[in-house]
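To be precise, the following lines are data-v1.cif, and they hold mmCIF, C-alpha atoms.
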data_work
loop_
_atom_site.label_atom_id
_atom_site.label_comp_id
_atom_site.auth_asym_id
_atom_site.auth_seq_id
_atom_site.Cartn_x
_atom_site.Cartn_y
_atom_site.Cartn_z
CA MET A 1 21.56 -47.68 76.08
CA VAL A 2 18.05 -48.97 75.47
CA LEU A 3 18.87 -52.39 76.89
CA LEU A 4 20.66 -50.81 79.87
CA ARG A 5 17.71 -48.54 80.72
CA ASN A 6 15.26 -51.45 80.46
CA LEU A 7 17.53 -53.55 82.68
CA LEU A 8 17.69 -50.81 85.34
CA ASN A 9 13.88 -50.56 85.35
CA ASP A 10 13.63 -54.34 85.81
CA ILE A 11 16.17 -54.30 88.65
CA ASP A 12 14.17 -51.63 90.49
CA ARG A 13 11.13 -53.91 90.39
CA VAL A 14 12.90 -57.01 91.79
CA PRO A 15 11.23 -57.91 95.14
CA ASP A 16 13.19 -58.35 98.38
CA ASN A 17 11.66 -61.78 99.04
CA GLN A 18 9.88 -64.50 97.08
CA ILE A 19 6.55 -66.10 98.01
CA TYR A 20 5.56 -69.32 96.29
CA GLY A 21 2.94 -72.06 96.38
CA ARG A 22 2.09 -75.26 94.50
CA VAL A 23 -0.36 -76.32 91.79
CA THR A 24 -3.14 -78.43 93.35
CA ALA A 25 -5.48 -78.89 90.35
CA VAL A 26 -5.82 -78.08 86.64
CA GLN A 27 -9.22 -78.01 84.96
CA GLY A 28 -9.55 -76.69 81.42
CA MET A 29 -8.01 -73.20 81.37
CA LEU A 30 -8.16 -72.91 85.16
CA VAL A 31 -5.29 -73.67 87.57
CA GLU A 32 -5.83 -74.02 91.33
CA ILE A 33 -2.93 -73.26 93.66
CA GLY A 34 -2.53 -73.63 97.39
CA GLY A 35 -0.29 -72.27 100.10
CA VAL A 36 -0.33 -68.61 99.04
CA GLN A 37 -4.01 -67.64 98.93
CA ASN A 38 -3.59 -65.21 101.85
CA ASN A 39 -0.96 -63.28 99.88
CA LEU A 40 -3.04 -62.86 96.71
CA SER A 41 -5.97 -60.78 95.48
CA VAL A 42 -7.92 -60.77 92.22
CA GLY A 43 -5.80 -59.31 89.42
CA ASP A 44 -2.42 -60.29 90.90
CA ARG A 45 0.16 -62.06 88.76
CA CYS A 46 1.90 -65.39 89.34
CA GLN A 47 4.38 -67.51 87.39
CA ILE A 48 4.13 -71.29 87.21
CA VAL A 49 7.46 -73.08 86.76
CA ALA A 50 6.48 -75.80 84.27
CA ARG A 51 8.50 -78.68 82.83
CA ALA A 52 11.98 -77.72 81.54
CA ASN A 53 11.75 -74.57 83.72
CA ARG A 54 9.34 -72.91 81.31
CA LEU A 55 7.60 -69.96 83.00
CA VAL A 56 3.84 -69.62 82.48
CA THR A 57 2.53 -66.20 83.52
CA CYS A 58 -0.96 -66.29 85.06
CA GLU A 59 -3.46 -63.92 86.62
CA VAL A 60 -5.61 -64.51 89.70
CA VAL A 61 -9.28 -64.52 88.63
CA GLY A 62 -10.94 -65.76 91.81
CA PHE A 63 -10.89 -68.06 94.86
CA ARG A 64 -12.65 -71.32 95.66
CA GLU A 65 -12.62 -73.50 98.79
CA GLY A 66 -9.40 -71.97 100.13
CA ARG A 67 -7.58 -72.15 96.79
CA ALA A 68 -6.60 -69.37 94.41
CA LEU A 69 -7.85 -69.71 90.80
CA LEU A 70 -5.42 -68.70 88.05
CA MET A 71 -5.77 -68.34 84.28
CA PRO A 72 -2.69 -68.46 82.02
CA PHE A 73 -1.53 -65.94 79.42
CA SER A 74 0.06 -68.80 77.43
CA PRO A 75 -0.55 -72.58 76.94
CA LEU A 76 -0.44 -74.82 80.01
CA ASP A 77 1.80 -77.43 78.39
CA GLY A 78 4.13 -78.93 80.98
CA VAL A 79 2.09 -77.78 84.00
CA GLY A 80 1.21 -80.53 86.47
CA LEU A 81 0.35 -81.19 90.12
CA GLY A 82 2.96 -79.88 92.51
CA CYS A 83 4.54 -77.38 90.09
CA ARG A 84 6.04 -74.39 91.86
CA VAL A 85 4.07 -71.11 91.61
CA GLU A 86 5.94 -67.85 92.25
CA VAL A 87 3.94 -64.78 93.31
CA ALA A 88 4.83 -61.51 91.57
CA ASN A 89 4.85 -58.59 94.03
CA ALA A 90 4.72 -55.79 91.45
CA GLU A 91 1.53 -54.41 89.92
CA PRO A 92 1.38 -55.03 86.14
CA VAL A 93 2.58 -51.80 84.52
CA LEU A 94 4.00 -50.44 81.26
CA TYR A 95 6.85 -47.97 80.79
CA PRO A 96 5.85 -46.18 77.55
CA ASP A 97 8.28 -43.90 75.73
CA PRO A 98 7.87 -41.36 72.88
CA SER A 99 9.95 -43.65 70.64
CA TRP A 100 7.13 -46.24 70.66
CA LEU A 101 5.53 -44.43 67.71
CA GLY A 102 5.78 -46.62 64.63
CA ARG A 103 6.01 -49.83 66.66
CA VAL A 104 3.80 -52.93 66.94
CA ILE A 105 3.53 -54.58 70.37
CA ASN A 106 1.64 -57.47 71.94
CA ALA A 107 -0.63 -57.49 74.98
CA MET A 108 2.38 -57.78 77.32
CA GLY A 109 3.93 -54.59 75.90
CA GLU A 110 6.63 -56.56 74.05
CA PRO A 111 7.71 -55.70 70.47
CA ILE A 112 6.54 -58.11 67.74
CA ASP A 113 7.60 -56.13 64.66
CA GLY A 114 11.21 -57.33 64.49
CA LYS A 115 12.60 -53.81 64.95
CA GLY A 116 14.52 -54.52 68.14
CA PRO A 117 13.78 -53.83 71.83
CA LEU A 118 11.43 -51.12 73.01
CA PRO A 119 12.96 -48.30 75.08
CA GLY A 120 11.41 -48.04 78.52
CA GLY A 121 10.16 -44.72 79.87
CA GLU A 122 10.67 -43.46 83.41
CA LYS A 123 7.07 -43.33 84.64
CA PRO A 124 5.04 -46.54 85.14
CA TYR A 125 1.50 -46.69 83.71
CA PRO A 126 -0.77 -49.30 85.33
CA ILE A 127 -2.42 -51.60 82.81
CA HIS A 128 -5.62 -51.62 84.90
CA ASN A 129 -5.80 -47.86 85.35
CA ARG A 130 -8.74 -45.84 86.61
CA PRO A 131 -10.50 -43.22 84.45
CA PRO A 132 -9.75 -39.58 85.39
CA PRO A 133 -12.12 -38.12 88.02
CA ALA A 134 -15.22 -36.69 86.34
CA HIS A 135 -15.01 -33.28 88.05
CA SER A 136 -11.40 -32.68 86.95
CA ARG A 137 -11.87 -33.48 83.27
CA GLN A 138 -11.93 -30.78 80.65
CA ARG A 139 -14.97 -30.22 78.44
CA VAL A 140 -15.20 -31.90 75.04
CA ALA A 141 -14.48 -29.14 72.53
CA GLY A 142 -13.10 -28.57 69.05
CA LYS A 143 -13.73 -30.76 66.02
CA ILE A 144 -11.40 -33.58 65.03
CA ASP A 145 -10.86 -34.43 61.37
CA LEU A 146 -11.27 -38.21 60.93
CA GLY A 147 -10.67 -38.16 57.16
CA ILE A 148 -14.05 -39.72 56.25
CA ARG A 149 -16.45 -37.33 54.52
CA ALA A 150 -19.70 -38.92 55.78
CA ILE A 151 -18.54 -38.87 59.41
CA ASN A 152 -16.90 -35.43 59.26
CA THR A 153 -20.06 -33.86 57.87
CA PHE A 154 -23.07 -35.79 59.19
CA LEU A 155 -21.55 -37.20 62.42
CA THR A 156 -18.93 -34.62 63.36
CA CYS A 157 -16.75 -35.73 66.28
CA CYS A 158 -15.12 -33.49 68.87
CA ARG A 159 -11.74 -34.00 70.48
CA GLY A 160 -12.21 -36.28 73.47
CA GLN A 161 -15.48 -37.77 72.23
CA ARG A 162 -16.14 -41.52 72.29
CA MET A 163 -18.02 -43.15 69.42
CA GLY A 164 -19.04 -46.71 68.64
CA ILE A 165 -18.99 -48.28 65.18
CA PHE A 166 -21.73 -50.94 65.08
CA ALA A 167 -21.86 -53.53 62.30
CA GLY A 168 -22.16 -57.20 61.49
CA SER A 169 -19.26 -59.23 60.15
CA GLY A 170 -17.95 -58.29 56.70
CA VAL A 171 -19.68 -54.89 56.47
CA GLY A 172 -16.51 -52.79 56.63
CA LYS A 173 -15.61 -51.94 60.25
CA SER A 174 -11.89 -52.56 59.77
CA SER A 175 -11.88 -50.55 56.54
CA VAL A 176 -13.47 -47.56 58.30
CA LEU A 177 -10.87 -47.77 61.08
CA SER A 178 -8.02 -47.97 58.58
CA MET A 179 -9.30 -44.88 56.75
CA MET A 180 -9.44 -42.96 60.04
CA ALA A 181 -5.95 -44.05 61.09
CA LYS A 182 -4.49 -43.14 57.71
CA HIS A 183 -6.24 -39.81 57.06
CA THR A 184 -6.87 -38.35 60.53
CA LYS A 185 -5.30 -35.07 61.60
CA ALA A 186 -4.80 -36.34 65.20
CA GLN A 187 -1.22 -36.09 66.47
CA VAL A 188 -1.00 -39.71 67.67
CA SER A 189 -3.03 -42.84 66.88
CA VAL A 190 -3.11 -45.84 69.22
CA ILE A 191 -4.72 -48.85 67.56
CA GLY A 192 -5.81 -51.97 69.44
CA LEU A 193 -6.52 -55.09 67.38
CA VAL A 194 -8.25 -57.30 69.96
CA GLY A 195 -8.90 -60.90 68.90
CA GLU A 196 -7.97 -60.04 65.31
CA ARG A 197 -7.45 -62.70 62.64
CA GLY A 198 -3.72 -63.43 62.40
CA ARG A 199 -3.78 -63.05 58.63
CA GLU A 200 -5.42 -59.64 58.76
CA ALA A 201 -3.11 -58.05 61.34
CA ARG A 202 -0.17 -57.66 58.96
CA GLU A 203 -2.45 -56.67 56.07
CA PHE A 204 -3.99 -53.91 58.20
CA ILE A 205 -0.58 -52.57 59.24
CA GLU A 206 1.13 -52.72 55.83
CA ASP A 207 -1.73 -52.12 53.37
CA ASP A 208 -4.45 -50.20 55.21
CA LEU A 209 -2.41 -48.18 57.71
CA GLY A 210 0.64 -47.82 55.47
CA GLU A 211 4.06 -46.40 56.26
CA ASP A 212 2.83 -42.83 56.75
CA GLY A 213 0.04 -43.87 59.11
CA LEU A 214 2.33 -46.16 61.12
CA LYS A 215 4.83 -43.36 61.75
CA ARG A 216 2.40 -41.62 64.11
CA SER A 217 0.80 -44.79 65.51
CA VAL A 218 1.33 -47.48 68.12
CA VAL A 219 -0.39 -50.78 67.25
CA VAL A 220 -1.31 -53.36 69.92
CA VAL A 221 -2.12 -56.83 68.54
CA ALA A 222 -3.67 -59.89 70.19
CA THR A 223 -4.84 -62.49 67.67
CA SER A 224 -7.91 -64.70 68.05
CA ASP A 225 -5.85 -67.82 68.86
CA GLU A 226 -4.31 -66.26 71.98
CA SER A 227 -5.67 -66.85 75.48
CA PRO A 228 -8.68 -64.83 76.71
CA LEU A 229 -6.41 -63.05 79.20
CA MET A 230 -4.15 -61.86 76.37
CA ARG A 231 -7.13 -60.66 74.33
CA ARG A 232 -8.60 -58.80 77.29
CA GLN A 233 -5.26 -57.31 78.27
CA ALA A 234 -4.67 -56.02 74.72
CA ALA A 235 -7.60 -53.64 75.26
CA TYR A 236 -6.19 -52.45 78.62
CA VAL A 237 -2.69 -51.99 77.16
CA THR A 238 -4.15 -49.97 74.27
CA MET A 239 -5.75 -47.58 76.76
CA ALA A 240 -2.59 -47.39 78.91
CA VAL A 241 -0.46 -46.37 75.90
CA ALA A 242 -3.11 -43.82 74.84
CA GLU A 243 -3.08 -42.37 78.38
CA TYR A 244 0.68 -41.90 78.21
CA TYR A 245 0.47 -39.81 75.03
CA ARG A 246 -2.56 -37.93 76.41
CA ASP A 247 -0.62 -36.98 79.54
CA ALA A 248 2.15 -35.64 77.28
CA GLY A 249 -0.38 -33.10 75.91
CA ASN A 250 -1.23 -34.84 72.61
CA ASP A 251 -4.54 -35.16 70.80
CA VAL A 252 -4.77 -38.97 70.70
CA LEU A 253 -7.04 -40.99 68.42
CA CYS A 254 -7.66 -44.40 70.04
CA LEU A 255 -9.09 -47.02 67.67
CA MET A 256 -10.14 -50.42 69.02
CA ASP A 257 -11.35 -53.41 67.02
CA SER A 258 -13.32 -54.74 68.75
CA VAL A 259 -15.07 -54.20 72.07
CA THR A 260 -17.18 -57.31 71.41
CA ARG A 261 -14.11 -59.55 71.37
CA PHE A 262 -12.98 -57.92 74.62
CA ALA A 263 -16.38 -58.78 76.12
CA MET A 264 -16.16 -62.35 74.80
CA ALA A 265 -12.72 -62.77 76.39
CA GLN A 266 -14.06 -61.48 79.72
CA ARG A 267 -17.00 -63.89 79.40
CA GLU A 268 -14.62 -66.85 78.92
CA ILE A 269 -12.63 -65.81 81.99
CA SER A 270 -15.72 -65.30 84.17
CA LEU A 271 -17.41 -68.55 83.16
CA SER A 272 -14.20 -70.50 83.84
CA ALA A 273 -14.04 -68.95 87.32
CA GLY A 274 -17.60 -70.15 88.01
CA GLU A 275 -19.57 -66.91 87.56
CA PRO A 276 -23.14 -67.59 86.39
CA PRO A 277 -24.23 -66.22 82.97
CA ALA A 278 -26.77 -63.39 82.89
CA SER A 279 -27.74 -62.28 79.37
CA LYS A 280 -27.01 -64.40 76.27
CA GLY A 281 -24.21 -66.12 78.14
CA TYR A 282 -22.52 -62.87 79.20
CA THR A 283 -21.72 -62.68 82.91
CA PRO A 284 -22.39 -59.63 85.13
CA SER A 285 -18.66 -58.85 85.30
CA VAL A 286 -18.63 -58.25 81.53
CA PHE A 287 -21.04 -55.34 81.94
CA ALA A 288 -19.02 -54.08 84.92
CA GLU A 289 -15.75 -54.11 82.93
CA LEU A 290 -17.08 -52.28 79.86
CA PRO A 291 -17.45 -48.83 81.50
CA LYS A 292 -14.09 -49.26 83.27
CA LEU A 293 -12.45 -49.67 79.86
CA LEU A 294 -14.44 -47.16 77.80
CA GLU A 295 -14.43 -44.37 80.41
CA ARG A 296 -10.63 -44.26 80.22
CA ALA A 297 -11.03 -42.53 76.85
CA GLY A 298 -12.18 -38.93 76.74
CA PRO A 299 -10.75 -35.52 77.68
CA GLY A 300 -7.91 -35.36 80.18
CA GLY A 301 -7.35 -33.04 83.11
CA PRO A 302 -5.79 -29.54 83.10
CA GLY A 303 -2.59 -29.40 81.08
CA GLN A 304 -3.26 -32.78 79.45
CA GLY A 305 -4.41 -33.70 75.96
CA ASN A 306 -7.37 -35.93 75.21
CA ILE A 307 -8.26 -39.38 73.89
CA THR A 308 -10.84 -39.50 71.11
CA GLY A 309 -12.08 -43.09 71.14
CA LEU A 310 -13.59 -45.01 68.21
CA PHE A 311 -14.64 -48.52 69.27
CA THR A 312 -16.06 -51.14 66.92
CA VAL A 313 -18.87 -53.41 68.08
CA LEU A 314 -19.50 -56.67 66.22
CA VAL A 315 -23.28 -57.13 66.41
CA GLU A 316 -24.53 -60.71 66.35
CA GLY A 317 -26.87 -61.45 63.44
CA ASP A 318 -26.95 -57.73 62.53
CA ASP A 319 -29.02 -57.14 65.70
CA THR A 320 -27.91 -53.76 67.05
CA ASN A 321 -30.01 -54.35 70.19
CA GLU A 322 -28.10 -57.39 71.45
CA PRO A 323 -26.67 -57.05 75.02
CA ILE A 324 -23.15 -55.79 74.28
CA SER A 325 -24.40 -53.26 71.71
CA ASP A 326 -26.96 -51.95 74.18
CA ALA A 327 -24.41 -51.64 76.98
CA VAL A 328 -21.77 -49.92 74.83
CA ARG A 329 -24.26 -47.53 73.21
CA ALA A 330 -25.36 -46.38 76.68
CA ILE A 331 -21.78 -45.54 77.68
CA LEU A 332 -20.50 -43.81 74.53
CA ASP A 333 -21.18 -40.33 73.13
CA GLY A 334 -22.71 -41.49 69.87
CA HIS A 335 -22.83 -44.39 67.43
CA ILE A 336 -22.07 -45.04 63.78
CA VAL A 337 -24.16 -47.85 62.25
CA LEU A 338 -22.84 -49.72 59.21
CA ASP A 339 -25.71 -51.27 57.26
CA ARG A 340 -25.36 -54.55 55.35
CA ALA A 341 -28.08 -53.51 52.87
CA ILE A 342 -26.10 -50.37 51.97
CA ALA A 343 -22.91 -52.42 51.56
CA GLU A 344 -24.76 -54.82 49.26
CA ARG A 345 -25.72 -51.85 47.09
CA GLY A 346 -22.00 -51.15 46.69
CA ARG A 347 -21.78 -47.90 48.64
CA TYR A 348 -18.77 -47.74 50.98
CA PRO A 349 -18.36 -46.81 53.73
CA ALA A 350 -21.80 -48.33 54.35
CA ILE A 351 -22.84 -45.81 57.01
CA ASN A 352 -26.56 -45.55 57.69
CA ILE A 353 -26.78 -41.81 58.37
CA LEU A 354 -30.36 -41.93 59.65
CA ARG A 355 -29.58 -44.55 62.33
CA SER A 356 -26.32 -42.92 63.42
CA VAL A 357 -25.86 -40.00 65.79
CA SER A 358 -23.11 -37.87 67.32
CA ARG A 359 -24.30 -36.51 70.66
CA THR A 360 -21.86 -33.59 70.67
CA MET A 361 -22.42 -32.57 67.06
CA PRO A 362 -25.05 -29.80 67.29
CA GLY A 363 -22.96 -27.90 69.83
CA CYS A 364 -19.69 -28.02 67.89
CA ASN A 365 -21.14 -26.83 64.56
CA SER A 366 -22.19 -23.37 63.46
CA ASP A 367 -25.88 -22.66 62.80
CA GLU A 368 -25.19 -22.65 59.06
CA GLU A 369 -23.47 -26.04 59.16
CA ASN A 370 -26.28 -27.55 61.25
CA ALA A 371 -28.85 -26.21 58.77
CA ILE A 372 -27.03 -27.83 55.83
CA VAL A 373 -26.80 -31.20 57.58
CA SER A 374 -30.43 -31.10 58.76
CA LYS A 375 -31.64 -30.35 55.25
CA ALA A 376 -29.67 -33.26 53.76
CA ARG A 377 -30.87 -35.60 56.51
CA ARG A 378 -34.45 -34.58 55.80
CA TYR A 379 -34.07 -35.46 52.12
CA LEU A 380 -32.60 -38.87 53.04
CA ALA A 381 -35.42 -39.57 55.51
CA VAL A 382 -38.17 -38.62 53.05
CA TYR A 383 -36.61 -40.74 50.29
CA GLU A 384 -36.18 -43.78 52.57
CA ASP A 385 -39.85 -43.53 53.66
CA MET A 386 -40.95 -43.72 50.02
CA ALA A 387 -38.12 -45.91 48.70
CA GLU A 388 -40.30 -48.98 48.17
CA LEU A 389 -42.88 -47.11 46.09
CA ILE A 390 -40.19 -45.24 44.12
CA ARG A 391 -38.37 -48.47 43.18
CA LEU A 392 -41.62 -50.16 42.17
CA GLY A 393 -42.59 -47.15 40.02
CA ALA A 394 -45.78 -46.64 42.05
CA TYR A 395 -44.97 -43.03 42.95
CA ARG A 396 -45.91 -40.34 40.43
CA ARG A 397 -43.94 -37.10 40.31
CA GLY A 398 -45.93 -34.07 41.41
CA THR A 399 -47.87 -35.96 44.09
CA ASP A 400 -45.75 -34.58 46.93
CA ALA A 401 -43.32 -31.67 46.59
CA ALA A 402 -41.10 -32.92 49.47
CA VAL A 403 -40.74 -36.35 47.87
CA ASP A 404 -39.97 -34.77 44.49
CA GLU A 405 -37.16 -32.74 46.10
CA ALA A 406 -35.81 -35.84 47.87
CA ILE A 407 -35.75 -37.79 44.57
CA LYS A 408 -33.86 -34.91 42.95
CA TYR A 409 -31.10 -34.68 45.57
CA TYR A 410 -30.84 -38.31 46.70
CA PRO A 411 -28.36 -39.55 44.01
CA ALA A 412 -25.98 -36.65 44.63
CA ILE A 413 -26.10 -37.12 48.42
CA GLU A 414 -25.45 -40.87 48.00
CA ALA A 415 -22.44 -40.10 45.82
CA PHE A 416 -21.24 -37.63 48.46
CA LEU A 417 -21.41 -40.34 51.14
CA SER A 418 -19.35 -42.75 49.05
CA GLN A 419 -15.56 -42.63 49.48
CA GLY A 420 -12.65 -44.85 48.42
CA LYS A 421 -10.23 -46.25 51.01
CA LYS A 422 -7.31 -44.23 49.65
CA GLU A 423 -9.33 -41.01 49.26
CA ALA A 424 -8.87 -38.41 52.01
CA ALA A 425 -11.49 -35.82 52.95
CA ASP A 426 -11.24 -32.74 55.16
CA LEU A 427 -13.78 -31.09 57.46
CA ALA A 428 -14.27 -27.77 55.68
CA GLY A 429 -14.40 -29.36 52.24
CA GLY A 430 -17.23 -31.71 53.28
CA TYR A 431 -19.58 -28.92 54.38
CA GLN A 432 -18.74 -26.87 51.31
CA GLN A 433 -19.36 -29.78 48.94
CA LEU A 434 -22.68 -30.67 50.60
CA ALA A 435 -23.81 -27.03 50.44
CA GLU A 436 -23.04 -26.95 46.71
CA ILE A 437 -25.11 -30.11 46.16
CA LEU A 438 -28.13 -28.68 48.00
CA ALA A 439 -27.85 -25.34 46.18
CA GLN A 440 -28.36 -26.89 42.74
#
Starting from the file, give its structure as structure tokens.
Amino acid sequence: MVLLRNLLNDIDRVPDNQIYGRVTAVQGMLVEIGGVQNNLSVGDRCQIVARANRLVTCEVVGFREGRALLMPFSPLDGVGLGCRVEVANAEPVLYPDPSWLGRVINAMGEPIDGKGPLPGGEKPYPIHNRPPPAHSRQRVAGKIDLGIRAINTFLTCCRGQRMGIFAGSGVGKSSVLSMMAKHTKAQVSVIGLVGERGREAREFIEDDLGEDGLKRSVVVVATSDESPLMRRQAAYVTMAVAEYYRDAGNDVLCLMDSVTRFAMAQREISLSAGEPPASKGYTPSVFAELPKLLERAGPGGPGQGNITGLFTVLVEGDDTNEPISDAVRAILDGHIVLDRAIAERGRYPAINILRSVSRTMPGCNSDEENAIVSKARRYLAVYEDMAELIRLGAYRRGTDAAVDEAIKYYPAIEAFLSQGKKEAADLAGGYQQLAEILAQ
């Protein structure tokens, strides 16, 4: 039945006629074709018939001197001058289905977990979809339990909020995402691994996410060795699947690792098409694509659910002010900063509470909860201001009452912020535990 339904969907999309052209040049990752440029626009799909009738799916990325410029989703082996190029008439879409939960797919929406074919739904979801109109969206409201004590308490997220996780390499971004996916109370998780190491993809799914986490998740994987189009499309497919479950009325947690690799893939595509670089090699189209992707997360319209988005950002050289970090931080509703110095001290997750912020947090908490968090933050800030003197032994107790209080509570707050990967935490328990610490 699954195969039959998928076949019927494919038959409905078969065009009445076929338009085709020919390859006129190949340079690096770029293919020029002629004869069909008047029938194409940027974003359209084509298929090159390579040697031994191998089909190479491509996307139109631009035009030059009367020729269409294509980039492939797969290697160009066997493609030469004069190869036939068939134009696809249909817009690239997915047909998600509720049975996709527990499955792992690639950037083309194809199963890669060895569990058989994916059932196709009835309604098409465009891969390059538009965000919902701003005036028709619901308000962000109601807390979401992400299962991490430090985030639940100090950086409380609301349903439909979008947060960035900023960190350098090896500081624990993937571990934080895995803890959220495993311990969250969201109904559905959609996880996009964009440009992920091939070795780590299976480890994340089997060890970090686990069987229980996978049951309520859809995982989209595009490894770092795949083409830039595949890596970029993995991010779009992740959002399209999340939109399907949102439209079904679910609270969706969308986790993406990472937005930086999406931006790097877009940079490769733009530079190959001849677009000039703007900032640190990133082209203007990179900064135009980021809001189109990130704005698709958030609350839905009336009668729909919402997409709570957590997006990791790999900062170059631990510089959180580099171009992609700046652009993403301006779009999202808050940021979580992972600090290498904290990780080196052995405290995980290595969240720097003082440099992180949730823009919706004060409004979603009670006055009592806000007072508890503000008091703990004040102790952390006072201690960090005097940390150098305290470690050197240059500060004498009794000199400043505020510093004395901070020294008293700092070890307990640090222990509170620490959490093992397999340890779950709930929202109410975090506030209660922090209140008990500050009441001592």
Closest of A:His183, A:Arg231, A:Arg137, A:Lys408 to Gly420 (chain A) - atom-to-atom distances counting all atoms listed in the file: A:His183
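With only C-alpha atoms as the atoms that count, the residue of A:Pro349, A:Gly198, A:Gly78, A:Gly192 with the shortest distance to Gly170 (chain A) is A:Pro349.
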Result set, the PyMOL selection byres ((chain A and resi 167) around 9) on current file, as a compact mmCIF listing (two decimals) with C-alpha atoms, keeping the file's coordinate frame:
# COMPACT_ATOMS: atom_id res chain seq x y z
CA ILE A 165 -18.99 -48.28 65.18
CA PHE A 166 -21.73 -50.94 65.08
CA GLY A 168 -22.16 -57.20 61.49
CA SER A 169 -19.26 -59.23 60.15
CA GLY A 170 -17.95 -58.29 56.70
CA VAL A 171 -19.68 -54.89 56.47
CA GLY A 172 -16.51 -52.79 56.63
CA LYS A 173 -15.61 -51.94 60.25
CA THR A 312 -16.06 -51.14 66.92
CA VAL A 313 -18.87 -53.41 68.08
CA LEU A 314 -19.50 -56.67 66.22
CA VAL A 315 -23.28 -57.13 66.41
CA GLU A 316 -24.53 -60.71 66.35
CA ASP A 318 -26.95 -57.73 62.53
CA ASP A 319 -29.02 -57.14 65.70
CA THR A 320 -27.91 -53.76 67.05
CA ILE A 336 -22.07 -45.04 63.78
CA VAL A 337 -24.16 -47.85 62.25
CA LEU A 338 -22.84 -49.72 59.21
CA ASP A 339 -25.71 -51.27 57.26
CA ARG A 340 -25.36 -54.55 55.35
Kindly provide the residues of region 221-288 of chain A that approach region 200-210 of chain A to within 12 Å, each paired with its closest atom pair and their distance in Å to one decimal, based on only C-alpha atoms, listed by chain and increasing number, as CSV.
residue,atom,partner,partner_atom,distance
A:Val221,CA,A:Ala201,CA,7.4
A:Ala222,CA,A:Ala201,CA,9.1
A:Thr223,CA,A:Ala201,CA,7.9
A:Ser224,CA,A:Ala201,CA,10.6
A:Asp257,CA,A:Ala201,CA,11.0
Resolved residues for the PyMOL selection byres ((chain A and resi 104) around 6) as an MDAnalysis selection string: chainID A and resid 103 105 111:113 219:220
Selection result for the PyMOL selection byres ((chain A and resi 287) around 12) on this file, as a PyMOL selection string: chain A and resi 259-260+262-264+266-267+270+277-279+281-286+288-294+323-328+330-331
Of the listed residues A:Tyr383, A:Tyr236, A:Phe311, A:Tyr245, that which approaches Gln187 (chain A) most closely, counting all atoms listed in the file: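 Smallest separation from Gln187 (chain A) among the options: A:Tyr245.
Interatomic distance, CA of Gly305 (chain A) to CA of Ala248 (chain A): 7.0 Å.
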Best match for closeness to Val190 (chain A) among A:Ser174, A:Thr238, A:Asn250, A:Asn38, counting all atoms listed in the file: A:Thr238
Pick from A:Leu155, A:Ala150, A:Ala186, A:Val42 nearest to Ser358 (chain A), counting all atoms listed in the file: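 Of A:Leu155, A:Ala150, A:Ala186, A:Val42, the one nearest Ser358 (chain A), counting all atoms listed in the file, is A:Leu155.
Between CA of Trp100 (chain A) and CA of Pro119 (chain A) the separation is 7.6 Å.
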For CA of Arg246 (chain A) and CA of Arg159 (chain A), the interatomic separation in Å (one decimal): 11.6 Å
Nearest-residue call for Asn352 (chain A), choices A:Ile151, A:Val237, A:Asp225, A:Lys143, using all atoms listed in the file: A:Ile151
Some atoms are absent from region 319-328 of chain A, so rebuild N, CA and C atoms and return them as an mmCIF file, in the coordinates of the input.
data_model
loop_
_atom_site.group_PDB
_atom_site.id
_atom_site.type_symbol
_atom_site.label_atom_id
_atom_site.label_comp_id
_atom_site.auth_asym_id
_atom_site.auth_seq_id
_atom_site.Cartn_x
_atom_site.Cartn_y
_atom_site.Cartn_z
ATOM 1 N N ASP A 319 -28.058 -57.650 64.707
ATOM 2 C CA ASP A 319 -29.020 -57.140 65.700
ATOM 3 C C ASP A 319 -28.309 -56.106 66.566
ATOM 4 N N THR A 320 -28.574 -54.829 66.302
ATOM 5 C CA THR A 320 -27.910 -53.760 67.050
ATOM 6 C C THR A 320 -28.477 -53.577 68.455
ATOM 7 N N ASN A 321 -29.455 -54.422 68.845
ATOM 8 C CA ASN A 321 -30.010 -54.350 70.190
ATOM 9 C C ASN A 321 -29.587 -55.529 71.061
ATOM 10 N N GLU A 322 -28.578 -56.285 70.611
ATOM 11 C CA GLU A 322 -28.100 -57.390 71.450
ATOM 12 C C GLU A 322 -27.366 -56.804 72.667
ATOM 13 N N PRO A 323 -27.095 -57.602 73.718
ATOM 14 C CA PRO A 323 -26.670 -57.050 75.020
ATOM 15 C C PRO A 323 -25.432 -56.163 74.984
ATOM 16 N N ILE A 324 -24.376 -56.582 74.280
ATOM 17 C CA ILE A 324 -23.150 -55.790 74.280
ATOM 18 C C ILE A 324 -23.377 -54.466 73.550
ATOM 19 N N SER A 325 -24.093 -54.494 72.443
ATOM 20 C CA SER A 325 -24.400 -53.260 71.710
ATOM 21 C C SER A 325 -25.171 -52.289 72.584
ATOM 22 N N ASP A 326 -26.164 -52.794 73.291
ATOM 23 C CA ASP A 326 -26.960 -51.950 74.180
ATOM 24 C C ASP A 326 -26.106 -51.314 75.263
ATOM 25 N N ALA A 327 -25.241 -52.133 75.884
ATOM 26 C CA ALA A 327 -24.410 -51.640 76.980
ATOM 27 C C ALA A 327 -23.418 -50.589 76.493
ATOM 28 N N VAL A 328 -22.774 -50.840 75.350
ATOM 29 C CA VAL A 328 -21.770 -49.920 74.830
ATOM 30 C C VAL A 328 -22.418 -48.617 74.371
#
